[in-house]
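Read through the structure below, which is laid out as structure tokens, and then see the notes.
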Amino acid sequence: MEDSKSRRKKKVLLMGKSGSGKSSMRSIVFSNYVAKDTRRLGATIDVEHNHVRFLGGLTLNLWDCGGQDAFIDNYLNSQRDHIFKHVEVLIYVFDIESREFDRDLITYVNCVEALRDNSPNAHIFCLIHKMDLVQLDYRDAAFQERSALLRKKSLGMEITCFATSIWDETLYKAWASIVYTLIPNGPILERHLTAFAEIAEAEEVILFERTTFLVIAHVTRGAVQNPFPDRFEKISNIVKQFKQSCSYVYNISQATFVRSTGCALKLILWALMGGWLTSRLLDRKMASNFTAFELRAHKFSAFIDILTPNTYILVVMPANAAESTTTLMNIATCRKHFEKLEVIDKAVGR
Amino acid sequence: MTGGSRPQKLNYSLERWMQDPSPPLQSPTPSKVSMQNGPISRVRGAPRPRLLLQGQRRSGKSSISSVVFHKMPPTETLFLESTTRIQKEPVNSFMDFQVWDFPGQIDYNDGTFDLETLFGDTGALIYVIDAQDEYLEALTRLHQTIEAIQRHNPAINIEVFIHKVDGLSDDFKLDTQRDIVQRTTDELADMGLDGVHINYHLTSIYDHSIFEAFSKVIQKLLPELGTLENLLNGLVSNCRIEKAFLFDVLSKIYVATDSSPVDVQSYEICSDYIDVVLDMTEIYGYDRGELEVSTVEETKSSIGSSEDWSLPDQSSVMKLQNGMVLFLREINKYETPFHLLPTAPPSPPLTLPS
């Protein structure tokens with residue numbers, strides 16, 4: 001019982017020095033913040049627990065650990081078992097601009113040691129964060145240097161390093177691969193997605209998680225290589241930006257609406273038609289999301305649609321390959337199949 | 001002419017515009033192109049209208065032109081060097097025009113400038129005032145400029161951008177605007193120029209207000225605005241569309257809209273939507289090479305009417321959760337990719353298959 005529960009609830013530790021950007025990252029990926037808004041976030045006190053519902057019954061149990069020295073001492077000593085037991089993934093965030101990298105490293109080694117003792121099978125992801133502060137030409141070199149050093153210091157545990165920044169799509173790349181290690185049926189999903197791509201004659205099919213819009217699986221069939229190897233993260237970023245602006249646009253208060261439409265006459269009309277208009281506005285305020293997107297360009301057509309309650313699918317078709325309704329039908333048909341896949345996953349989890 | 005230009009048409013697509021941020025269609029003989037399918041020029045062979053960007057130094061003129069015409073992210077404008085000479089920038093769009101970015105420190109009133117030619121073909125003067133700074137000096141300069149304009153070319157539209165208002169509270173914004181309007185009207189009345197019409201816009205590069213203000217400025221210079229508006233009105237009433245915009249995709253300026261009032265939100269969502277479409281087109285609009293050519297030829301031979309198949313109109317649909325539908329369609333496929341963006345009511349006849 002204990003075991004199956006932990007298999008469906010994945011514990012993820014988010015650690016790093018105070019002010020390195022852990023909470024900013026979390027609120028952008030999981031709570032639909034805009035990068036700009038993260039300035040408002042205060043320091044995290046002790047541990048903030050977040051339960052993020054994910055694919056088919058999988059729940060991420062995100063432990064955002066405050067990074068001030070006093071807290072870290074606490075984690076390493078009195079709370080050692082409590083914090084580091086049953087961990088699936090440790091995400092350790094380094095600030096590239098940190099002045100005391102050596103000290104950060106010592107804390108890191110202590111954490112890794114505690115992790116090795118308590119949950120030896122955990123994955124470690126090191127995110128070298130705030131990369132936007134480094135000049136473009138030096139980014140790669142700085143990242144290589146830091147990640148080599150971290151590999152050496154990780155006490156023989158397997159680590160994966162990413163250079164990230166909340167201001168561009170690198171954040172999504174790192175989190176997509178973190179999430180991929182947590183999904184139990186990733187390869188199965190990929191296999192079925194490939195089959196779908198074959199049948200639909202699609203050039204590319206990408207599966208996204210619904211709330212975070214992180215890439216779960218992707219299949220590419222196109223004969224010509226796409227010039228953008230980082231397109232998956234880019235699409236995540238583009239779509240999330242749009243989702244945010246949707247919700248932003250419709251969360252503006254009614255007062256602004258009245259002012260923006262201007263004249264006094266409008267105000268009177270507003271009062272007269274109050275009930276009807278307000279209900280419509282409220283309707284609109286709910287609209288924080290889009291349900292379907294279709295783009296027919298000269299060289300390709302692209303469709304984004306809801307696949308299962310937890311996923312979106314992006315299908316890219318070559319130009320003139322099929323009528324758009326055909327593709328939409330294909331997506332509708334495979335919807336049931338993928339829903340079933342998720343249910344099986346749940347049953348396995350139980 | 002049509003036969004010769006056909007192979008080129010494929011290039012006049014969104015993809016092409018995305019890959020080349022500078023205006024790609026600078027034909028060496030613009031007057032020739034405009035005969036058939038060029039942008040609607042005001043008078044054939046007439047010089048393009050100028051937009052003069054003026055204001056005190058560091059008031060944000062170059063930032064405005066970089067953000068609006070070069071898609072520069074607003075945060076990066078902090079690093080712009082100050083302008084030392086007049087930057088002339090051609091903008092090829094539905095209407096060709098030229099933006100002249102003036103260095104703030106130049107006093108063009110000191111007699112060394114030929115004001116006659118400077119203001120001669122100008123369509124509009126955009127005077128930028130930094131609302132977060134002391135603006136009294138800027139106002140004095142503005143009044144001098146208006147006086148000079150009245151002497152040389154009274155036909156110029158005078159637009160005042162009260163800029164950088166993102167840092168001000170809503171009340172303070174309006175107070176500032178009222179103060180500036182009041183001072184200017186008083187001063188002009190003292191000079192005996194009370195008939196001058198001036199438009200004021202509250203702008204900021206960090207939101208959509210700058211695009212909206214530019215839209216309004218440019219719309220006033222369009223002689224065919226009335227026709228376009230009528231066409232859009234017809235479309236809106238016939239198709240039961242809530243709101244229709246005619247966009248210039250490159251700068252996200254809307255050239256025309258139907259006559260129902262514009263609310264900022266629908267403009268914002270439309271321009272964000274254009275961003276999505278452009279970005280997706282950039283990612284997947286790469287050249288498929290020979291593979292694609294063969295498909296096109298195949299369909300050509302099988303269908304016969306090659307024209308329709310080789311160049312389907314680019315279009316896109318986005319459905320939102322509240323039942324609103326955004327529809328975007330490329331209109332002018334020859335010269336300027338133009339986009340019409342109606343936001344439709346919950347169940348218009350032309351959209352949802354539900």
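Just so we're on the same page: first chain in the structure tokens is A, next is B, and so on; residues restart at 1 for each chain, and ligands are numbered from 1 in the order they show up.
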Item to check | All residues 7 Å or closer to stretch 191-207 of chain A, only C-alpha atoms, same chain fewer than 6 positions away omitted, as a VMD selection string | outcome: chain A and resid 215 to 222 311 to 318 327 330
Next on the checklist: When you look at B:Tyr254 with a cut-off of 9 Å (counting only C-alpha atoms), what residues show up, excluding the ones that are within fewer than 6 positions of it in the same chain? I need them as a list in words.
Outcome noted: Phe211, Glu212, Phe214, Ser215, Lys216, Ile218, Gln219, Phe245, Leu246, Phe247, Asp248 and Tyr267 of chain B
Checklist entry - atom CA of A:Leu127 and atom CA of A:Lys243 are how many Å apart? => result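 Interatomic distance here is 25.4 Å.
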Checklist entry - stretch 2-109 of chain A: which residues are strand (DSSP E or B) by DSSP, as a list in words? => result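 Residues meeting the strand (DSSP E or B) criterion: Lys9, Lys10, Lys11, Val12, Leu13, Leu14, Met15, Gly16, Val47, Glu48, His49, Asn50, His51, Val52, Arg53, Thr59, Leu60, Asn61, Leu62, Trp63, Asp64, Cys65, Val89, Leu90, Ile91, Tyr92, Val93, Phe94 and Asp95 of chain A.
The space separating atom CA of A:Ser27 from atom CA of A:Thr291 comes to 22.5 Å.
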Next on the checklist: When you look at stretch 13-19 of chain A with a cut-off of 6 Å (counting only C-alpha atoms), what residues show up, excluding the ones that are within fewer than 2 positions of it in the same chain? I need them as a PyMOL selection string.
Outcome noted: chain A and resi 21+63-65+67-68+90-93
For the residues in the current selection, export N, CA, C and O atoms as a CSV table (one decimal), in the first residue's frame.
```csv
chain,number,residue,atom,x,y,z
A,21,GLY,N,16.3,31.4,-7.1
A,21,GLY,CA,15.3,31.5,-8.1
A,21,GLY,C,14.4,30.2,-8.1
A,21,GLY,O,13.8,29.9,-9.1
A,63,TRP,N,8.4,19.9,-3.0
A,63,TRP,CA,8.9,20.5,-1.8
A,63,TRP,C,9.8,21.6,-2.1
A,63,TRP,O,10.9,21.4,-2.5
A,64,ASP,N,9.3,22.8,-2.0
A,64,ASP,CA,10.1,24.0,-2.3
A,64,ASP,C,10.8,24.4,-1.0
A,64,ASP,O,10.2,24.9,-0.1
A,65,CYS,N,12.1,24.1,-0.9
A,65,CYS,CA,12.8,24.3,0.4
A,65,CYS,C,13.5,25.6,0.4
A,65,CYS,O,14.3,25.9,-0.4
A,67,GLY,N,16.0,28.5,1.2
A,67,GLY,CA,17.4,28.2,1.1
A,67,GLY,C,18.3,29.0,2.0
A,67,GLY,O,19.5,29.0,1.9
A,68,GLN,N,17.7,29.6,3.1
A,68,GLN,CA,18.6,30.3,4.0
A,68,GLN,C,19.4,29.3,4.9
A,68,GLN,O,18.9,28.2,5.2
A,90,LEU,N,15.8,15.1,-7.0
A,90,LEU,CA,16.2,16.3,-6.4
A,90,LEU,C,16.6,17.3,-7.4
A,90,LEU,O,17.4,17.0,-8.3
A,91,ILE,N,16.0,18.5,-7.3
A,91,ILE,CA,16.4,19.6,-8.3
A,91,ILE,C,17.2,20.6,-7.5
A,91,ILE,O,16.7,21.2,-6.5
A,92,TYR,N,18.5,20.8,-7.8
A,92,TYR,CA,19.3,21.7,-7.1
A,92,TYR,C,19.6,22.9,-8.0
A,92,TYR,O,20.1,22.7,-9.1
A,93,VAL,N,19.3,24.1,-7.5
A,93,VAL,CA,19.4,25.3,-8.3
A,93,VAL,C,20.6,26.1,-7.9
A,93,VAL,O,20.8,26.4,-6.7
```
Next on the checklist: If you run DSSP on the backbone here, which positions in stretch 81-294 of chain A get alpha helix (DSSP H)? Please write them as a PyMOL selection string.
Outcome noted: chain A and resi 81-84+101-118+136-153+170-182+186-200+231-249+254-261+264-272+274-286
Item to check | Nearest to A:Asn118, chosen from A:Asp46, A:Asp81, A:Glu233, A:Glu339, with only C-alpha atoms counted in the distances | outcome: A:Asp81
